[in-house]
Amino acid sequence: MQSLSKARPLARHLADLVMSTPADALPALALERAKMSLASTLASAAMGYGIASARIIRDIELADGGTPAASLWFDGRRLPLAAAARANAVASDAAASDDSDMRSIAHIGTIVSSVALAVGQQEGASGRDVLAAMVLGYEVAGRIDESLTPGRMQRGFHGSWSTVFGACVAAGLLLRLDALQLAHAIALAATSASGMAIAADTSCAREYHAGQAAGAGIRAALAAQRGFEGELGIFEAPRGLLDALGGQAREDIVRDWGESWDIVTDLAIKLMPGAHPFHACAEAAADAARAGAVRPTDIDRIVVSAAVQWTNFKGEPHPRNLVDAAHSLPYFVAAAIADDGFGWAHMDETKMADPVIAALQDKVEFDPDPPPLPDRFPHRHGGTVSIILRDGAVHRATCRAPRGSGARGIDWQDVRDKFLHLFPLGGLPPSATDGCLQAILDLDKAGGVGTLMDLLRRR
């Protein structure tokens, strides 16, 4: 098939870069961050396993059946590759407790984890190859979505438009595609996924998008493996993906490959639930209240000055369910002040009805003139919270990046604490928690993912 692009098409250029990077060339820290992403994804999936949206998708895939290839986490029954990855990705994303990329808030880690485990299980891939596929899938998705930020969101499109590339590259590597096949898989992925941001902000469509991206990426790789070809110029051609979604700095998509790795610099593990752009504000709110020994009844006003203000992604106070709470900055700030921090319990509807938190939400207002952004990636720049008391005293704190983000470094102890808190919610025997965490820690030395997958099976 003749591509519309006269130069080497971007899809082929990306495929060549991926294929020129063996697992042994990846730094140890990148592989370690892949382990962290995997632990976070499984912990979040345990929390999401029983949520209605995850159960619906799982039931649909089980009813459809098909050739058993990869396991459902916390269940053990096997489904075709794309079906298993879709159901597992939905479970992880449903709990709003997985990961984010600090440039765009796309949940790339969830997708590459779900896909790499599924395909790695079928193909008998080594643990190191599974981790490498995650790193390289994350890299391609991150580079593409960096170009799409903020144009994609301004046009109303969700992060599934980029996470699908993480799925397709991870799957393509583990399926052992050659460079041309991988290029066509990438091109097919570019025309496969969709998702509207407004739906993700207000409904369970957020996790539906995650499932779509995981499944579509695998199907693109499987189609390319069998010889199906796409339009290799789909990114850069007029009316192509970059034009349609507002791509910027297009030359940066392939520039300086290998000098740093996005899974190291931009991955952020959620150490509290909900939308990641609010985590820094919650930290700042708790810090300010703690430093001033603030009592909620003494507060007159709470002023938030945050980069997220530039995105119109602030949500409304008084959430009534998980989706509302995950997208409500007033709730994050008020709860953090009232309870000395924001945590997993704040996604409970009983906590959302707390009268102290409810009263504080009505006192949250936004800086009418927040400082300009230093670049076009508003989500990664944190925020400042000022608590003004009735007696005129002001207590203020700033958090430039949330805990668990690449900018601050990610501590295994934080990831471990999250895992130990959430993983038991998946309903597996108590011994499975420590066993699964150890299997993840040892994955780079393992001959395959069989031990981990066996531990994830409901007895």
# chains A, B, ... in the order shown; residues from 1 in each chain; ligands from 1
$ select_by_dssp --residues "segment 187-296 of chain A" --states "strand (DSSP E or B)" --output "PDB file with all heavy atoms, in the first residue's frame"
ATOM      1  N   MET A 196     -14.764  10.532  24.208  1.00  0.00           N
ATOM      2  CA  MET A 196     -15.045  11.943  24.429  1.00  0.00           C
ATOM      3  C   MET A 196     -14.756  12.302  25.884  1.00  0.00           C
ATOM      4  O   MET A 196     -15.196  11.622  26.818  1.00  0.00           O
ATOM      5  CB  MET A 196     -16.503  12.260  24.089  1.00  0.00           C
ATOM      6  CG  MET A 196     -16.906  11.836  22.685  1.00  0.00           C
ATOM      7  SD  MET A 196     -15.783  12.471  21.393  1.00  0.00           S
ATOM      8  CE  MET A 196     -16.008  14.234  21.568  1.00  0.00           C
ATOM      9  N   LEU A 267       5.464   9.340  34.467  1.00  0.00           N
ATOM     10  CA  LEU A 267       4.506   8.463  35.138  1.00  0.00           C
ATOM     11  C   LEU A 267       4.256   8.962  36.558  1.00  0.00           C
ATOM     12  O   LEU A 267       5.187   9.354  37.261  1.00  0.00           O
ATOM     13  CB  LEU A 267       5.040   7.034  35.198  1.00  0.00           C
ATOM     14  CG  LEU A 267       4.268   6.058  36.104  1.00  0.00           C
ATOM     15  CD1 LEU A 267       2.929   5.686  35.473  1.00  0.00           C
ATOM     16  CD2 LEU A 267       5.097   4.808  36.375  1.00  0.00           C
ATOM     17  N   ALA A 268       3.011   8.933  36.991  1.00  0.00           N
ATOM     18  CA  ALA A 268       2.661   9.231  38.377  1.00  0.00           C
ATOM     19  C   ALA A 268       1.721   8.144  38.884  1.00  0.00           C
ATOM     20  O   ALA A 268       0.709   7.841  38.246  1.00  0.00           O
ATOM     21  CB  ALA A 268       1.995  10.596  38.504  1.00  0.00           C
ATOM     22  N   ILE A 269       2.079   7.545  40.007  1.00  0.00           N
ATOM     23  CA  ILE A 269       1.242   6.540  40.656  1.00  0.00           C
ATOM     24  C   ILE A 269       0.277   7.260  41.595  1.00  0.00           C
ATOM     25  O   ILE A 269       0.693   8.097  42.394  1.00  0.00           O
ATOM     26  CB  ILE A 269       2.100   5.556  41.482  1.00  0.00           C
ATOM     27  CG1 ILE A 269       3.143   4.869  40.591  1.00  0.00           C
ATOM     28  CG2 ILE A 269       1.230   4.540  42.199  1.00  0.00           C
ATOM     29  CD1 ILE A 269       2.582   3.951  39.558  1.00  0.00           C
TER      30      ILE A 269
END
$ closest_atom_pairs --of "segment 325-435 of chain A" --to "segment 45-61 of chain A" --cutoff "12 Å" --atoms "only C-alpha atoms" --output "Markdown table"
| residue | atom | partner | partner_atom | distance |
| --- | --- | --- | --- | --- |
| A:Trp344 | CA | A:Met47 | CA | 9.9 |
| A:Ala345 | CA | A:Met47 | CA | 11.6 |
| A:Met347 | CA | A:Met47 | CA | 11.0 |
| A:Asp348 | CA | A:Met47 | CA | 12.0 |
| A:Lys418 | CA | A:Met47 | CA | 10.9 |
| A:Phe419 | CA | A:Ala46 | CA | 9.3 |
| A:Leu420 | CA | A:Ala46 | CA | 10.8 |
| A:His421 | CA | A:Met47 | CA | 9.5 |
| A:Leu422 | CA | A:Met47 | CA | 5.9 |
| A:Phe423 | CA | A:Ala46 | CA | 5.2 |
| A:Pro424 | CA | A:Ala46 | CA | 7.0 |
| A:Leu425 | CA | A:Ala46 | CA | 5.4 |
| A:Gly426 | CA | A:Ala46 | CA | 4.0 |
| A:Gly427 | CA | A:Ala46 | CA | 7.8 |
| A:Leu428 | CA | A:Ala46 | CA | 9.2 |
| A:Ala432 | CA | A:Ala46 | CA | 11.9 |
| A:Thr433 | CA | A:Ala46 | CA | 10.6 |
$ residues_around --residues "Arg290 of chain A" --least-positions-apart "5" --cutoff "12 Å" --atoms "only C-alpha atoms" --output "PyMOL selection string"
chain A and resi 283-285+295-296+336-341+387+395-397
$ closest_residue --among "A:Asp93, A:Ala189, A:Met352, A:Val294" --to "Ala205 of chain A" --atoms "only C-alpha atoms"
A:Asp93
$ select_by_dssp --residues "segment 57-132 of chain A" --states "helix (DSSP H, G or I)" --output "MDAnalysis selection string"
chainID A and resid 57:64 81:94 108:123 127:132
$ residues_around --residues "Thr384 of chain A" --least-positions-apart "6" --cutoff "6 Å" --atoms "only C-alpha atoms" --output "PDB file with C-alpha atoms, in the first residue's frame"
ATOM      1  CA  VAL A 304      -7.186  27.696  45.324  1.00  0.00           C
ATOM      2  CA  SER A 305      -4.654  28.857  42.743  1.00  0.00           C
ATOM      3  CA  ALA A 397       0.979  26.070  51.200  1.00  0.00           C
ATOM      4  CA  THR A 398       2.129  25.108  47.708  1.00  0.00           C
TER       5      THR A 398
END
$ residues_around --residues "Glu231 of chain A" --least-positions-apart "3" --cutoff "12 Å" --atoms "only C-alpha atoms" --output "VMD selection string"
chain A and resid 1 to 5 9 to 12 180 183 to 191 224 228 234 to 237 240 to 241
$ write_last_selection --atoms "N, CA and C atoms" --output "PDB file, in the first residue's frame"
ATOM      1  N   MET A   1       0.845  -1.189   0.000  1.00  0.00           N
ATOM      2  CA  MET A   1       0.000   0.000   0.000  1.00  0.00           C
ATOM      3  C   MET A   1       0.881   1.240   0.000  1.00  0.00           C
ATOM      4  N   GLN A   2       0.601   2.202  -0.880  1.00  0.00           N
ATOM      5  CA  GLN A   2       1.386   3.419  -0.980  1.00  0.00           C
ATOM      6  C   GLN A   2       0.924   4.429   0.062  1.00  0.00           C
ATOM      7  N   SER A   3       1.828   4.884   0.904  1.00  0.00           N
ATOM      8  CA  SER A   3       1.478   5.866   1.928  1.00  0.00           C
ATOM      9  C   SER A   3       1.339   7.242   1.305  1.00  0.00           C
ATOM     10  N   LEU A   4       0.482   8.075   1.950  1.00  0.00           N
ATOM     11  CA  LEU A   4       0.338   9.449   1.504  1.00  0.00           C
ATOM     12  C   LEU A   4       1.607  10.259   1.766  1.00  0.00           C
ATOM     13  N   SER A   5       2.427   9.821   2.727  1.00  0.00           N
ATOM     14  CA  SER A   5       3.629  10.568   3.101  1.00  0.00           C
ATOM     15  C   SER A   5       4.793  10.203   2.189  1.00  0.00           C
ATOM     16  N   PRO A   9       7.209   7.676   6.864  1.00  0.00           N
ATOM     17  CA  PRO A   9       6.039   8.027   7.668  1.00  0.00           C
ATOM     18  C   PRO A   9       6.351   7.922   9.157  1.00  0.00           C
ATOM     19  N   LEU A  10       5.659   8.734   9.948  1.00  0.00           N
ATOM     20  CA  LEU A  10       5.885   8.749  11.385  1.00  0.00           C
ATOM     21  C   LEU A  10       5.612   7.377  12.006  1.00  0.00           C
ATOM     22  N   ALA A  11       4.593   6.695  11.538  1.00  0.00           N
ATOM     23  CA  ALA A  11       4.291   5.363  12.085  1.00  0.00           C
ATOM     24  C   ALA A  11       5.476   4.423  11.874  1.00  0.00           C
ATOM     25  N   ARG A  12       6.095   4.481  10.706  1.00  0.00           N
ATOM     26  CA  ARG A  12       7.248   3.622  10.434  1.00  0.00           C
ATOM     27  C   ARG A  12       8.463   4.079  11.253  1.00  0.00           C
ATOM     28  N   LEU A 180       7.920  -3.422   9.941  1.00  0.00           N
ATOM     29  CA  LEU A 180       6.847  -2.994   9.048  1.00  0.00           C
ATOM     30  C   LEU A 180       5.490  -3.387   9.619  1.00  0.00           C
ATOM     31  N   ALA A 183       4.674  -0.988  12.340  1.00  0.00           N
ATOM     32  CA  ALA A 183       4.271   0.306  11.777  1.00  0.00           C
ATOM     33  C   ALA A 183       2.809   0.274  11.358  1.00  0.00           C
ATOM     34  N   HIS A 184       2.392  -0.824  10.722  1.00  0.00           N
ATOM     35  CA  HIS A 184       0.986  -0.931  10.320  1.00  0.00           C
ATOM     36  C   HIS A 184       0.075  -1.081  11.536  1.00  0.00           C
ATOM     37  N   ALA A 185       0.544  -1.765  12.571  1.00  0.00           N
ATOM     38  CA  ALA A 185      -0.249  -1.861  13.799  1.00  0.00           C
ATOM     39  C   ALA A 185      -0.467  -0.476  14.399  1.00  0.00           C
ATOM     40  N   ILE A 186       0.594   0.330  14.434  1.00  0.00           N
ATOM     41  CA  ILE A 186       0.477   1.692  14.950  1.00  0.00           C
ATOM     42  C   ILE A 186      -0.503   2.505  14.105  1.00  0.00           C
ATOM     43  N   ALA A 187      -0.410   2.352  12.781  1.00  0.00           N
ATOM     44  CA  ALA A 187      -1.320   3.077  11.889  1.00  0.00           C
ATOM     45  C   ALA A 187      -2.766   2.634  12.096  1.00  0.00           C
ATOM     46  N   LEU A 188      -2.974   1.342  12.291  1.00  0.00           N
ATOM     47  CA  LEU A 188      -4.327   0.847  12.534  1.00  0.00           C
ATOM     48  C   LEU A 188      -4.846   1.324  13.888  1.00  0.00           C
ATOM     49  N   ALA A 189      -3.963   1.357  14.889  1.00  0.00           N
ATOM     50  CA  ALA A 189      -4.375   1.853  16.199  1.00  0.00           C
ATOM     51  C   ALA A 189      -4.819   3.304  16.113  1.00  0.00           C
ATOM     52  N   ALA A 190      -4.170   4.084  15.252  1.00  0.00           N
ATOM     53  CA  ALA A 190      -4.502   5.505  15.127  1.00  0.00           C
ATOM     54  C   ALA A 190      -5.916   5.722  14.632  1.00  0.00           C
ATOM     55  N   THR A 191      -6.472   4.743  13.966  1.00  0.00           N
ATOM     56  CA  THR A 191      -7.831   4.899  13.447  1.00  0.00           C
ATOM     57  C   THR A 191      -8.813   3.992  14.171  1.00  0.00           C
ATOM     58  N   ALA A 224      -2.184  -6.682  12.069  1.00  0.00           N
ATOM     59  CA  ALA A 224      -0.929  -6.450  11.360  1.00  0.00           C
ATOM     60  C   ALA A 224      -0.101  -7.723  11.280  1.00  0.00           C
ATOM     61  N   PHE A 228      -2.592  -7.403   7.639  1.00  0.00           N
ATOM     62  CA  PHE A 228      -3.488  -6.275   7.414  1.00  0.00           C
ATOM     63  C   PHE A 228      -2.665  -4.988   7.433  1.00  0.00           C
ATOM     64  N   ILE A 234      -0.853   8.219   8.423  1.00  0.00           N
ATOM     65  CA  ILE A 234      -2.065   8.666   9.118  1.00  0.00           C
ATOM     66  C   ILE A 234      -1.812   9.773  10.131  1.00  0.00           C
ATOM     67  N   PHE A 235      -0.602   9.876  10.659  1.00  0.00           N
ATOM     68  CA  PHE A 235      -0.329  10.936  11.629  1.00  0.00           C
ATOM     69  C   PHE A 235      -0.141  12.282  10.944  1.00  0.00           C
ATOM     70  N   GLU A 236       0.771  12.343   9.980  1.00  0.00           N
ATOM     71  CA  GLU A 236       1.213  13.626   9.446  1.00  0.00           C
ATOM     72  C   GLU A 236       0.452  14.081   8.210  1.00  0.00           C
ATOM     73  N   ALA A 237      -0.345  13.207   7.612  1.00  0.00           N
ATOM     74  CA  ALA A 237      -1.072  13.580   6.398  1.00  0.00           C
ATOM     75  C   ALA A 237      -2.106  14.669   6.697  1.00  0.00           C
ATOM     76  N   GLY A 240      -5.026  14.162   8.920  1.00  0.00           N
ATOM     77  CA  GLY A 240      -4.629  13.000   9.692  1.00  0.00           C
ATOM     78  C   GLY A 240      -4.808  13.234  11.186  1.00  0.00           C
ATOM     79  N   LEU A 241      -4.302  12.293  11.990  1.00  0.00           N
ATOM     80  CA  LEU A 241      -4.550  12.338  13.422  1.00  0.00           C
ATOM     81  C   LEU A 241      -4.005  13.604  14.063  1.00  0.00           C
TER      82      LEU A 241
END
$ residues_around --residues "segment 79-84 of chain A" --least-positions-apart "4" --cutoff "12 Å" --atoms "only C-alpha atoms" --output "PyMOL selection string"
chain A and resi 54+57-75+88-91+111+114-123+167-168+171+175+211-223
$ residues_around --residues "His107 of chain A" --least-positions-apart "2" --cutoff "8 Å" --atoms "only C-alpha atoms" --output "PyMOL selection string"
chain A and resi 98-101+105+109-111+159+163+210
$ write_last_selection --atoms "N, CA and C atoms" --output "PDB file, in the first residue's frame"
ATOM      1  N   ASP A  98      -5.573   4.375  39.612  1.00  0.00           N
ATOM      2  CA  ASP A  98      -4.488   3.692  38.910  1.00  0.00           C
ATOM      3  C   ASP A  98      -3.254   4.575  38.727  1.00  0.00           C
ATOM      4  N   ASP A  99      -3.100   5.238  37.621  1.00  0.00           N
ATOM      5  CA  ASP A  99      -1.925   6.057  37.345  1.00  0.00           C
ATOM      6  C   ASP A  99      -2.320   7.180  36.399  1.00  0.00           C
ATOM      7  N   SER A 100      -1.428   8.120  36.217  1.00  0.00           N
ATOM      8  CA  SER A 100      -1.626   9.177  35.229  1.00  0.00           C
ATOM      9  C   SER A 100      -0.279   9.570  34.647  1.00  0.00           C
ATOM     10  N   ASP A 101      -0.300  10.067  33.437  1.00  0.00           N
ATOM     11  CA  ASP A 101       0.868  10.735  32.880  1.00  0.00           C
ATOM     12  C   ASP A 101       0.739  12.219  33.225  1.00  0.00           C
ATOM     13  N   ILE A 105      -2.570  13.428  31.738  1.00  0.00           N
ATOM     14  CA  ILE A 105      -3.467  12.648  32.600  1.00  0.00           C
ATOM     15  C   ILE A 105      -4.047  11.456  31.863  1.00  0.00           C
ATOM     16  N   GLY A 109      -0.197   3.745  32.013  1.00  0.00           N
ATOM     17  CA  GLY A 109       0.273   2.595  32.771  1.00  0.00           C
ATOM     18  C   GLY A 109      -0.760   1.495  32.883  1.00  0.00           C
ATOM     19  N   THR A 110      -2.017   1.862  33.105  1.00  0.00           N
ATOM     20  CA  THR A 110      -3.092   0.868  33.162  1.00  0.00           C
ATOM     21  C   THR A 110      -3.156   0.060  31.874  1.00  0.00           C
ATOM     22  N   ILE A 111      -3.043   0.735  30.751  1.00  0.00           N
ATOM     23  CA  ILE A 111      -3.208   0.070  29.463  1.00  0.00           C
ATOM     24  C   ILE A 111      -2.020  -0.836  29.160  1.00  0.00           C
ATOM     25  N   GLY A 159      -8.100  10.721  26.690  1.00  0.00           N
ATOM     26  CA  GLY A 159      -6.761  10.162  26.572  1.00  0.00           C
ATOM     27  C   GLY A 159      -6.688   8.800  25.913  1.00  0.00           C
ATOM     28  N   THR A 163      -3.541   6.334  24.585  1.00  0.00           N
ATOM     29  CA  THR A 163      -3.189   5.104  25.291  1.00  0.00           C
ATOM     30  C   THR A 163      -3.276   3.886  24.393  1.00  0.00           C
ATOM     31  N   ALA A 210     -10.883   3.021  28.688  1.00  0.00           N
ATOM     32  CA  ALA A 210      -9.688   2.232  28.968  1.00  0.00           C
ATOM     33  C   ALA A 210      -9.792   0.853  28.334  1.00  0.00           C
TER      34      ALA A 210
END
$ closest_residue --among "A:Ala334, A:Ala439, A:Leu174, A:Ala275" --to "Ala95 of chain A" --atoms "only C-alpha atoms"
A:Ala275
$ closest_residue --among "A:Phe165, A:Phe377, A:Tyr208, A:Trp412" --to "Thr311 of chain A" --atoms "only C-alpha atoms"
A:Phe377
$ closest_residue --among "A:Ala359, A:Ile253, A:Leu271, A:Ala286" --to "His318 of chain A" --atoms "only C-alpha atoms"
A:Ala359
$ atom_distance --atom1 "atom CA of Met19 of chain A" --atom2 "atom CA of Ala106 of chain A"
24.1 Å
$ closest_residue --among "A:Leu373, A:Ala28, A:Ile388, A:Ala249" --to "Arg143 of chain A" --atoms "only C-alpha atoms"
A:Ala249
$ closest_residue --among "A:Glu251, A:Asp243, A:Asp129, A:Asp262" --to "Arg152 of chain A" --atoms "only C-alpha atoms"
A:Asp243
